[in-house]
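Below is the file query.cif, which contains mmCIF, C-alpha atoms and all ligand atoms.
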```cif
data_work
#
loop_
_atom_site.label_atom_id
_atom_site.label_comp_id
_atom_site.auth_asym_id
_atom_site.auth_seq_id
_atom_site.Cartn_x
_atom_site.Cartn_y
_atom_site.Cartn_z
CA MET A 1 0.00 0.00 0.00
CA ASP A 2 1.68 3.22 -1.18
CA LEU A 3 -0.42 6.14 -0.03
CA THR A 4 1.68 9.28 -0.45
CA HIS A 5 -1.39 11.49 -0.49
CA ARG A 6 -3.39 11.34 2.70
CA PRO A 7 -5.63 14.44 2.97
CA ARG A 8 -6.70 13.18 6.39
CA ARG A 9 -3.35 14.36 7.80
CA LEU A 10 -4.66 17.91 7.76
CA ARG A 11 -8.01 17.06 9.34
CA GLN A 12 -6.55 16.31 12.74
CA ASP A 13 -7.87 18.55 15.47
CA ARG A 14 -4.89 20.80 16.08
CA VAL A 15 -4.24 21.62 12.43
CA ARG A 16 -7.78 22.08 11.13
CA GLY A 17 -7.90 25.76 12.04
CA LEU A 18 -4.58 26.47 10.36
CA VAL A 19 -5.73 25.08 7.03
CA SER A 20 -9.31 26.36 7.19
CA GLU A 21 -10.06 28.27 3.97
CA THR A 22 -13.10 30.22 5.11
CA SER A 23 -13.76 32.14 8.26
CA LEU A 24 -16.95 33.85 9.29
CA GLU A 25 -16.92 36.93 11.53
CA PRO A 26 -19.77 38.87 13.15
CA SER A 27 -18.50 41.85 11.14
CA ASP A 28 -19.40 40.02 7.90
CA LEU A 29 -23.07 40.01 8.83
CA ILE A 30 -25.89 42.49 8.34
CA ALA A 31 -29.06 42.12 10.40
CA PRO A 32 -32.39 43.13 8.83
CA VAL A 33 -34.57 45.28 11.14
CA PHE A 34 -38.26 45.93 10.49
CA VAL A 35 -39.66 49.23 11.71
CA ASP A 36 -43.44 49.55 11.63
CA ALA A 37 -45.22 52.92 11.79
CA THR A 38 -48.60 51.25 12.34
CA THR A 39 -47.86 49.79 15.77
CA ASP A 40 -47.02 50.97 19.29
CA GLU A 41 -45.63 47.64 20.38
CA ARG A 42 -43.34 44.93 19.11
CA ILE A 43 -45.15 42.38 16.95
CA PRO A 44 -43.59 38.93 16.49
CA ILE A 45 -43.36 37.77 12.87
CA GLU A 46 -44.92 34.33 12.91
CA SER A 47 -43.13 32.87 9.91
CA MET A 48 -39.75 34.20 11.07
CA PRO A 49 -39.30 33.01 14.66
CA GLY A 50 -37.25 35.40 16.77
CA HIS A 51 -37.97 38.42 14.55
CA GLU A 52 -40.36 41.28 15.22
CA ARG A 53 -41.70 44.41 13.68
CA VAL A 54 -40.85 47.22 16.06
CA PRO A 55 -42.36 50.70 16.40
CA VAL A 56 -40.13 53.70 15.67
CA ASP A 57 -39.85 54.27 19.43
CA GLU A 58 -38.26 50.82 19.81
CA SER A 59 -35.94 51.05 16.82
CA VAL A 60 -32.91 52.16 18.83
CA ALA A 61 -33.47 49.42 21.43
CA ARG A 62 -33.80 46.84 18.66
CA VAL A 63 -30.55 47.96 17.02
CA ARG A 64 -28.75 47.90 20.38
CA GLU A 65 -29.77 44.24 20.73
CA VAL A 66 -28.12 43.56 17.38
CA LEU A 67 -24.94 45.45 18.30
CA GLU A 68 -24.59 43.49 21.54
CA THR A 69 -24.04 40.32 19.53
CA GLY A 70 -21.06 41.81 17.67
CA VAL A 71 -22.94 42.50 14.44
CA GLU A 72 -22.12 46.07 13.39
CA ALA A 73 -24.50 46.71 10.48
CA VAL A 74 -28.27 46.76 10.11
CA MET A 75 -30.57 46.98 7.09
CA ILE A 76 -33.68 49.03 7.85
CA PHE A 77 -37.00 48.09 6.26
CA GLY A 78 -40.05 50.26 6.90
CA ILE A 79 -43.77 49.65 7.07
CA PRO A 80 -45.48 53.03 6.57
CA GLU A 81 -48.61 54.27 8.36
CA SER A 82 -50.40 54.59 5.00
CA LYS A 83 -50.03 53.50 1.39
CA ASP A 84 -51.08 55.00 -1.95
CA PRO A 85 -50.63 54.15 -5.65
CA GLU A 86 -47.41 56.17 -5.95
CA GLY A 87 -45.86 55.15 -2.61
CA THR A 88 -45.35 58.76 -1.53
CA ARG A 89 -44.64 57.89 2.11
CA ALA A 90 -41.39 56.31 0.93
CA TRP A 91 -39.70 59.70 0.57
CA ALA A 92 -41.54 61.62 3.30
CA GLU A 93 -39.22 63.54 5.58
CA ASP A 94 -41.11 62.11 8.56
CA GLY A 95 -41.42 58.66 6.96
CA VAL A 96 -40.82 55.52 9.00
CA VAL A 97 -37.32 54.71 7.69
CA GLN A 98 -36.28 58.35 7.86
CA ALA A 99 -37.49 58.72 11.47
CA ALA A 100 -35.88 55.45 12.58
CA THR A 101 -32.62 56.23 10.78
CA ARG A 102 -32.36 59.63 12.47
CA ARG A 103 -32.72 58.05 15.87
CA ILE A 104 -30.49 55.05 15.26
CA THR A 105 -27.64 57.10 13.80
CA ALA A 106 -27.91 59.68 16.60
CA GLU A 107 -27.95 57.16 19.43
CA THR A 108 -25.89 54.17 18.29
CA ASP A 109 -22.71 53.35 16.35
CA ALA A 110 -24.53 50.96 14.03
CA TYR A 111 -23.72 51.15 10.35
CA VAL A 112 -27.15 51.88 8.91
CA ILE A 113 -28.08 50.60 5.46
CA THR A 114 -31.54 51.49 4.19
CA ASP A 115 -33.67 49.50 1.78
CA VAL A 116 -34.77 51.72 -1.08
CA CYS A 117 -37.88 50.42 -2.83
CA LEU A 118 -41.56 51.23 -3.18
CA CYS A 119 -43.29 47.87 -2.64
CA GLU A 120 -43.96 48.47 1.05
CA TYR A 121 -45.36 51.94 0.28
CA THR A 122 -47.63 51.37 -2.73
CA ASP A 123 -51.19 50.18 -2.07
CA HIS A 124 -50.84 47.61 -4.89
CA GLY A 125 -47.56 46.26 -3.45
CA HIS A 126 -45.47 46.58 -6.62
CA CYS A 127 -42.02 48.14 -6.66
CA GLY A 128 -43.09 51.34 -8.40
CA PRO A 129 -46.05 53.21 -9.90
CA LEU A 130 -47.99 51.24 -12.51
CA GLU A 131 -48.58 51.76 -16.19
CA GLU A 132 -50.38 49.71 -18.77
CA GLU A 133 -48.00 47.32 -20.37
CA LEU A 134 -47.15 48.20 -23.95
CA ARG A 135 -47.50 45.26 -26.28
CA GLY A 136 -45.90 44.70 -29.63
CA ASP A 137 -49.06 43.27 -31.14
CA ASP A 138 -51.05 46.46 -30.75
CA GLU A 139 -49.83 49.54 -32.58
CA HIS A 140 -51.51 51.89 -30.11
CA GLY A 141 -50.02 50.15 -27.15
CA THR A 142 -53.40 49.56 -25.54
CA PRO A 143 -53.93 46.13 -24.02
CA CYS A 144 -55.90 43.63 -26.08
CA ASP A 145 -57.63 42.08 -23.09
CA HIS A 146 -58.75 43.64 -19.86
CA ASP A 147 -57.19 41.26 -17.45
CA ARG A 148 -55.45 43.60 -15.02
CA ASP A 149 -52.86 40.97 -14.08
CA ALA A 150 -51.69 40.70 -17.60
CA THR A 151 -51.78 44.35 -18.58
CA MET A 152 -50.36 46.41 -15.72
CA THR A 153 -46.67 46.64 -15.02
CA VAL A 154 -44.30 48.93 -13.14
CA ASP A 155 -43.42 52.14 -14.96
CA ASN A 156 -39.62 51.89 -14.94
CA ASP A 157 -38.69 55.50 -15.66
CA ALA A 158 -41.32 57.03 -13.37
CA THR A 159 -40.00 54.75 -10.62
CA LEU A 160 -36.48 56.13 -11.11
CA GLU A 161 -37.75 59.61 -10.19
CA SER A 162 -39.20 58.24 -6.96
CA LEU A 163 -36.00 56.31 -6.14
CA ASP A 164 -34.07 59.58 -6.54
CA ARG A 165 -36.24 61.18 -3.84
CA ILE A 166 -36.19 58.18 -1.52
CA ALA A 167 -32.41 57.80 -1.63
CA VAL A 168 -31.84 61.49 -0.91
CA SER A 169 -34.37 61.46 1.95
CA HIS A 170 -32.57 58.47 3.51
CA ALA A 171 -29.17 60.14 3.12
CA GLU A 172 -30.56 63.32 4.69
CA ALA A 173 -31.75 61.22 7.63
CA GLY A 174 -28.21 59.90 8.08
CA ALA A 175 -28.17 56.56 6.26
CA ASP A 176 -24.62 55.27 5.86
CA MET A 177 -25.38 53.19 2.77
CA ILE A 178 -28.28 53.04 0.30
CA ALA A 179 -29.55 49.69 -0.96
CA PRO A 180 -31.95 49.83 -3.93
CA SER A 181 -33.86 46.55 -4.27
CA GLY A 182 -36.44 47.16 -7.00
CA MET A 183 -34.57 45.83 -10.06
CA MET A 184 -35.47 48.85 -12.17
CA ASP A 185 -33.28 49.46 -15.21
CA GLY A 186 -30.99 52.41 -14.51
CA MET A 187 -31.74 52.54 -10.76
CA VAL A 188 -28.11 52.76 -9.65
CA ALA A 189 -27.30 55.58 -12.09
CA ALA A 190 -30.42 57.50 -10.99
CA ILE A 191 -29.57 57.16 -7.30
CA ARG A 192 -25.85 57.87 -7.76
CA GLY A 193 -26.74 61.03 -9.70
CA ALA A 194 -29.23 62.15 -7.06
CA LEU A 195 -26.88 61.55 -4.14
CA ASP A 196 -23.99 63.35 -5.87
CA ARG A 197 -26.21 66.27 -6.89
CA ASP A 198 -27.32 66.81 -3.29
CA GLY A 199 -23.92 66.50 -1.62
CA TYR A 200 -23.99 62.81 -0.61
CA GLU A 201 -21.18 61.63 -2.88
CA HIS A 202 -19.63 59.84 0.12
CA VAL A 203 -22.67 57.56 0.58
CA PRO A 204 -22.11 54.16 -1.07
CA ILE A 205 -24.72 52.15 -2.95
CA MET A 206 -25.22 48.44 -2.38
CA SER A 207 -27.29 47.35 -5.34
CA TYR A 208 -29.54 44.33 -5.31
CA ALA A 209 -27.87 43.70 -8.65
CA ALA A 210 -29.13 40.19 -9.36
CA LYS A 211 -32.42 39.73 -7.55
CA TYR A 212 -34.43 36.74 -8.62
CA GLU A 213 -38.20 36.37 -8.68
CA SER A 214 -38.08 33.77 -5.93
CA ALA A 215 -40.66 31.88 -3.91
CA PHE A 216 -38.18 31.94 -1.01
CA TYR A 217 -39.32 35.48 -0.15
CA GLY A 218 -42.63 34.23 1.26
CA PRO A 219 -42.09 34.85 4.99
CA PHE A 220 -40.66 38.36 4.34
CA ARG A 221 -44.04 39.35 2.98
CA ASP A 222 -45.48 38.62 6.41
CA ALA A 223 -42.77 40.77 7.91
CA ALA A 224 -42.93 43.75 5.60
CA ASP A 225 -46.49 43.54 4.42
CA GLY A 226 -45.25 43.85 0.86
CA ALA A 227 -47.02 41.16 -1.15
CA PRO A 228 -48.30 42.45 -4.49
CA SER A 229 -52.11 42.68 -4.51
CA PHE A 230 -52.20 41.21 -8.01
CA GLY A 231 -49.79 39.55 -10.39
CA ASN A 232 -46.16 38.98 -9.49
CA ARG A 233 -42.79 40.62 -9.95
CA ARG A 234 -41.48 38.64 -12.88
CA HIS A 235 -41.46 41.67 -15.18
CA TYR A 236 -38.70 43.22 -13.16
CA GLN A 237 -37.08 40.53 -11.02
CA MET A 238 -34.94 37.90 -12.71
CA ASP A 239 -35.98 34.49 -13.99
CA PRO A 240 -34.48 31.80 -11.70
CA ALA A 241 -33.45 29.91 -14.84
CA ASN A 242 -30.95 32.57 -15.92
CA ALA A 243 -27.28 32.79 -15.00
CA ARG A 244 -25.71 34.66 -17.94
CA GLU A 245 -28.35 37.35 -17.50
CA ALA A 246 -27.14 37.85 -13.93
CA LEU A 247 -23.69 38.77 -15.23
CA ARG A 248 -25.26 41.30 -17.55
CA GLU A 249 -27.45 42.79 -14.79
CA VAL A 250 -24.53 43.02 -12.39
CA ARG A 251 -22.26 44.54 -15.02
CA LEU A 252 -24.80 47.28 -15.71
CA ASP A 253 -25.02 48.13 -12.01
CA ALA A 254 -21.23 48.14 -11.68
CA GLU A 255 -20.96 50.50 -14.66
CA GLN A 256 -23.56 52.78 -13.10
CA GLY A 257 -21.47 53.09 -9.95
CA ALA A 258 -22.68 50.41 -7.55
CA ASP A 259 -20.15 50.01 -4.73
CA VAL A 260 -21.34 46.61 -3.48
CA LEU A 261 -23.03 43.98 -5.65
CA MET A 262 -25.73 41.87 -4.07
CA ILE A 263 -27.21 38.54 -5.12
CA LYS A 264 -30.60 37.55 -3.69
CA PRO A 265 -31.53 34.88 -2.59
CA ALA A 266 -28.30 33.22 -1.44
CA LEU A 267 -28.38 29.43 -0.97
CA PRO A 268 -30.29 28.46 -4.14
CA TYR A 269 -28.04 30.85 -6.12
CA LEU A 270 -24.52 30.08 -4.87
CA ASP A 271 -23.41 29.45 -8.45
CA ILE A 272 -24.28 33.07 -9.20
CA VAL A 273 -22.44 34.29 -6.09
CA ALA A 274 -19.34 32.35 -7.17
CA GLU A 275 -19.55 33.62 -10.73
CA ILE A 276 -19.94 37.27 -9.67
CA ARG A 277 -17.01 36.82 -7.27
CA ARG A 278 -14.82 35.62 -10.17
CA GLU A 279 -15.91 38.30 -12.62
CA PHE A 280 -15.88 41.45 -10.47
CA ASP A 281 -13.51 43.13 -8.02
CA HIS A 282 -16.30 44.74 -5.99
CA PRO A 283 -17.37 43.46 -2.61
CA VAL A 284 -20.11 40.88 -3.12
CA ALA A 285 -23.10 40.61 -0.81
CA ALA A 286 -25.60 37.77 -0.60
CA TYR A 287 -29.03 37.91 0.99
CA ASN A 288 -29.86 34.76 2.94
CA VAL A 289 -33.59 35.35 2.61
CA SER A 290 -36.58 34.74 4.83
CA GLY A 291 -37.49 31.40 3.23
CA GLU A 292 -33.96 30.10 3.77
CA TYR A 293 -34.35 31.07 7.42
CA ALA A 294 -37.89 29.79 7.89
CA MET A 295 -37.27 26.35 6.41
CA LEU A 296 -34.39 25.63 8.78
CA HIS A 297 -36.48 26.82 11.73
CA ALA A 298 -39.42 24.67 10.67
CA ALA A 299 -37.26 21.57 10.33
CA ALA A 300 -35.57 22.30 13.67
CA GLU A 301 -38.96 22.63 15.36
CA LYS A 302 -39.77 19.16 14.14
CA GLY A 303 -36.48 17.92 15.56
CA TRP A 304 -35.16 17.06 12.12
CA LEU A 305 -32.23 19.48 12.04
CA GLU A 306 -29.92 21.03 14.62
CA LEU A 307 -30.64 24.73 14.11
CA ASP A 308 -27.35 26.21 15.31
CA GLU A 309 -25.36 23.83 13.16
CA VAL A 310 -27.30 24.29 9.93
CA ALA A 311 -27.45 28.07 10.37
CA LEU A 312 -23.69 28.30 10.75
CA GLU A 313 -23.05 25.87 7.89
CA SER A 314 -25.39 27.87 5.62
CA LEU A 315 -23.54 31.12 6.28
CA VAL A 316 -20.10 29.51 5.91
CA SER A 317 -21.19 28.08 2.55
CA ILE A 318 -22.36 31.51 1.37
CA LYS A 319 -19.02 33.01 2.39
CA ARG A 320 -17.12 30.12 0.77
CA ALA A 321 -19.00 30.71 -2.49
CA GLY A 322 -17.58 34.23 -2.53
CA ALA A 323 -19.78 36.59 -0.54
CA ASP A 324 -17.96 39.17 1.59
CA LEU A 325 -21.13 40.44 3.29
CA ILE A 326 -24.15 38.37 4.25
CA LEU A 327 -27.57 39.76 5.04
CA THR A 328 -29.23 37.20 7.23
CA TYR A 329 -31.95 36.71 9.81
CA PHE A 330 -29.47 34.43 11.58
CA ALA A 331 -27.06 37.34 12.13
CA GLU A 332 -27.56 37.67 15.88
CA GLU A 333 -27.69 33.94 16.67
CA VAL A 334 -24.63 33.12 14.60
CA ALA A 335 -22.66 36.14 15.87
CA ASN A 336 -23.39 35.09 19.45
CA ARG A 337 -22.17 31.61 18.66
CA LEU A 338 -19.00 32.86 16.93
CA SER A 339 -18.22 35.06 19.95
CA ALA A 340 -18.83 32.18 22.37
CA ASP A 341 -16.49 29.89 20.39
CA ARG A 342 -13.54 32.26 20.84
ZN ZN A 401 -39.67 46.27 -3.99
#
```
Just give me the structure as structure tokens.
Ligand SMILES: [Zn+2]
Amino acid sequence: MDLTHRPRRLRQDRVRGLVSETSLEPSDLIAPVFVDATTDERIPIESMPGHERVPVDESVARVREVLETGVEAVMIFGIPESKDPEGTRAWAEDGVVQAATRRITAETDAYVITDVCLCEYTDHGHCGPLEEELRGDDEHGTPCDHDRDATMTVDNDATLESLDRIAVSHAEAGADMIAPSGMMDGMVAAIRGALDRDGYEHVPIMSYAAKYESAFYGPFRDAADGAPSFGNRRHYQMDPANAREALREVRLDAEQGADVLMIKPALPYLDIVAEIRREFDHPVAAYNVSGEYAMLHAAAEKGWLELDEVALESLVSIKRAGADLILTYFAEEVANRLSADR
């Protein structure tokens, strides 16, 4: 038996750490925080155990809980007190994200990233104001049938004007980073231009550059109250079948000035994360979405999986695939565990 190559030599306890290729730190993680202008008290999110919507008054306390675990960054999502077809509360000076951001940045050292989109602010739940879809088979562009699902879509260029206002209102409130999530064509250029015009050239943009139209977002819709009232988002979010298109989408955002490139969801799209890592020099972020979180919790509740172990392994695999930053609902639990292991 001539076995020159024995990879097991490096799997012995005292050498494993030395040859470990991937390490996960609390500072790699971003914790999503939901701030709800319609409530005076914390409301547990049923499909995302351990997470709550908090009122603006509790936003600082909520962020302090995150910071105590060693996680340094939060992503703020807002649920407004009212909705309308245009989503005007999204850029209100006294809007929910703006109010929470002012308090959090004044009272904590958290790095505050704000979600910039319209779906939580429009009464129809889509990521921008609607227009009738123009169809090639009708020279006047009027829909042939009157099925609303099939004929209404988000007005891309009108949405860009709203994103301009939202991004500036978040920067004014003190946001450290702006994260547009609506998958509108030209959104990064519109926001970069608006921020630079108004004196916020130092505020980076983390673009949801390749965001897929995924069924793994289900539990988030409970959390953010952002399910579309009709139709779906496949006219603006990406087809899960497409990988080359992700490169094209990401390249466009990079050219428009995105500072960080995000892929969403994470686990079912690790091939995309790896590909974007290879092709671009930018920091890459991955969003370990609500469905990825909920399914592990559900299996753990049944006693089928060990939650701590699968949570950690999930995040390590996302990092190994090439993500530098991970948005995850496991941020606090995993950061606590990483700190305890030291
Ligand atoms: Zn949206």
*asked:* Need to verify the contact set: A:Val97, 7 Å, only C-alpha atoms, exclusion of same-chain residues closer than 5 positions in sequence. Can you return it as a list in words?
replied: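 Counting only the stated atoms, we get Ile76, Phe77 and Gly78 of chain A.
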*asked:* Nearest residue to A:Thr114 out of A:Ser207, A:Pro44, A:Asp198, A:Val66, using all atoms listed in the file?
replied: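 Checking each candidate against A:Thr114, we get A:Ser207 as the closest.
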*Show me as a PyMOL selection string the residues that reach within 12 Å of (-39.9, 26.5, 10.2), counting all atoms listed in the file and using the file's own coordinates.*
chain A and resi 46-50+219+290-305+307
Just the selected residues (C-alpha atoms), exported as an mmCIF file, in the coordinates of the input, please.
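Result saved to selection-v3.cif:
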```
data_model
loop_
_atom_site.group_PDB
_atom_site.id
_atom_site.type_symbol
_atom_site.label_atom_id
_atom_site.label_comp_id
_atom_site.auth_asym_id
_atom_site.auth_seq_id
_atom_site.Cartn_x
_atom_site.Cartn_y
_atom_site.Cartn_z
ATOM 1 C CA GLU A 46 -44.920 34.330 12.910
ATOM 2 C CA SER A 47 -43.130 32.870 9.910
ATOM 3 C CA MET A 48 -39.750 34.200 11.070
ATOM 4 C CA PRO A 49 -39.300 33.010 14.660
ATOM 5 C CA GLY A 50 -37.250 35.400 16.770
ATOM 6 C CA PRO A 219 -42.090 34.850 4.990
ATOM 7 C CA SER A 290 -36.580 34.740 4.830
ATOM 8 C CA GLY A 291 -37.490 31.400 3.230
ATOM 9 C CA GLU A 292 -33.960 30.100 3.770
ATOM 10 C CA TYR A 293 -34.350 31.070 7.420
ATOM 11 C CA ALA A 294 -37.890 29.790 7.890
ATOM 12 C CA MET A 295 -37.270 26.350 6.410
ATOM 13 C CA LEU A 296 -34.390 25.630 8.780
ATOM 14 C CA HIS A 297 -36.480 26.820 11.730
ATOM 15 C CA ALA A 298 -39.420 24.670 10.670
ATOM 16 C CA ALA A 299 -37.260 21.570 10.330
ATOM 17 C CA ALA A 300 -35.570 22.300 13.670
ATOM 18 C CA GLU A 301 -38.960 22.630 15.360
ATOM 19 C CA LYS A 302 -39.770 19.160 14.140
ATOM 20 C CA GLY A 303 -36.480 17.920 15.560
ATOM 21 C CA TRP A 304 -35.160 17.060 12.120
ATOM 22 C CA LEU A 305 -32.230 19.480 12.040
ATOM 23 C CA LEU A 307 -30.640 24.730 14.110
#
```
*Could you pull out the residues sitting within 9 Å of ligand ZN 401 (chain A), using only C-alpha atoms and all ligand atoms, and write them as an NGL selection string?*
:A and (115-120 or 125-128 or 180-183 or 226 or 233)
Prev. selection, C-alpha atoms, output as a short mmCIF file (atom, residue, chain, number, x, y, z; two decimals), in the frame of the given file:
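Output below, filename part.cif:
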```cif
data_model
loop_
_atom_site.label_atom_id
_atom_site.label_comp_id
_atom_site.auth_asym_id
_atom_site.auth_seq_id
_atom_site.Cartn_x
_atom_site.Cartn_y
_atom_site.Cartn_z
CA ASP A 115 -33.67 49.50 1.78
CA VAL A 116 -34.77 51.72 -1.08
CA CYS A 117 -37.88 50.42 -2.83
CA LEU A 118 -41.56 51.23 -3.18
CA CYS A 119 -43.29 47.87 -2.64
CA GLU A 120 -43.96 48.47 1.05
CA GLY A 125 -47.56 46.26 -3.45
CA HIS A 126 -45.47 46.58 -6.62
CA CYS A 127 -42.02 48.14 -6.66
CA GLY A 128 -43.09 51.34 -8.40
CA PRO A 180 -31.95 49.83 -3.93
CA SER A 181 -33.86 46.55 -4.27
CA GLY A 182 -36.44 47.16 -7.00
CA MET A 183 -34.57 45.83 -10.06
CA GLY A 226 -45.25 43.85 0.86
CA ARG A 233 -42.79 40.62 -9.95
#
```
*Which neighbours of stretch 324-333 of chain A fall inside 7 Å, counting all atoms listed in the file, when residues of the same chain fewer than 4 positions from it are skipped, and could you give them as a ChimeraX atom specification?*
/A:28-32,66,69,71,283-289,293,311,319,337
5 Å per side around stretch 257-266 of chain A: axis-aligned box centre and edge lengths, as lines of an AutoDock Vina configuration file:
```
center_x = -25.8
center_y = 43.2
center_z = -5.7
size_x = 21.4
size_y = 29.9
size_z = 18.5
```
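Of the listed residues (A:Val74, A:Ala209, A:Ala158, A:Val54), A:Val74 comes nearest to A:Pro26; the distances count only C-alpha atoms.
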*Could you name the residues that touch stretch 241-243 of chain A at 12 Å or less, counting only C-alpha atoms, but leaving out those on the same chain fewer than 6 positions away, as a PyMOL selection string?*
chain A and resi 210-214+249-250+263+268-276
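Non-sequential neighbours of A:Ile166 (distance at most 6 Å, separation of 3 or more positions within a chain, only C-alpha atoms) are Trp91, Leu163 and Ser169 of chain A.
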*Using all atoms listed in the file, which of A:Asp176, A:Glu279, A:Asp185, A:Asp2 sits nearest A:Arg244?*
A:Glu279
*Given the choices A:Arg103, A:Arg221, A:Arg11, A:Arg6, which gets closest to A:Ile45 if the distance is worked out from only C-alpha atoms?*
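With only C-alpha atoms as the atom set, the closest residue is A:Arg221.
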*Long-range neighbours of A:Gly257 as a ChimeraX atom specification, 12 Å cut-off, only C-alpha atoms, 3 positions minimum in chain*: /A:186-193,195-196,201,203-207,209,250-254,260-261,282
*Out of A:Ser27, A:Ala223, A:Ile318, A:Gly231, which residue has the shortest atom-to-atom distance to A:Arg42 when counting all atoms listed in the file?*
A:Ala223
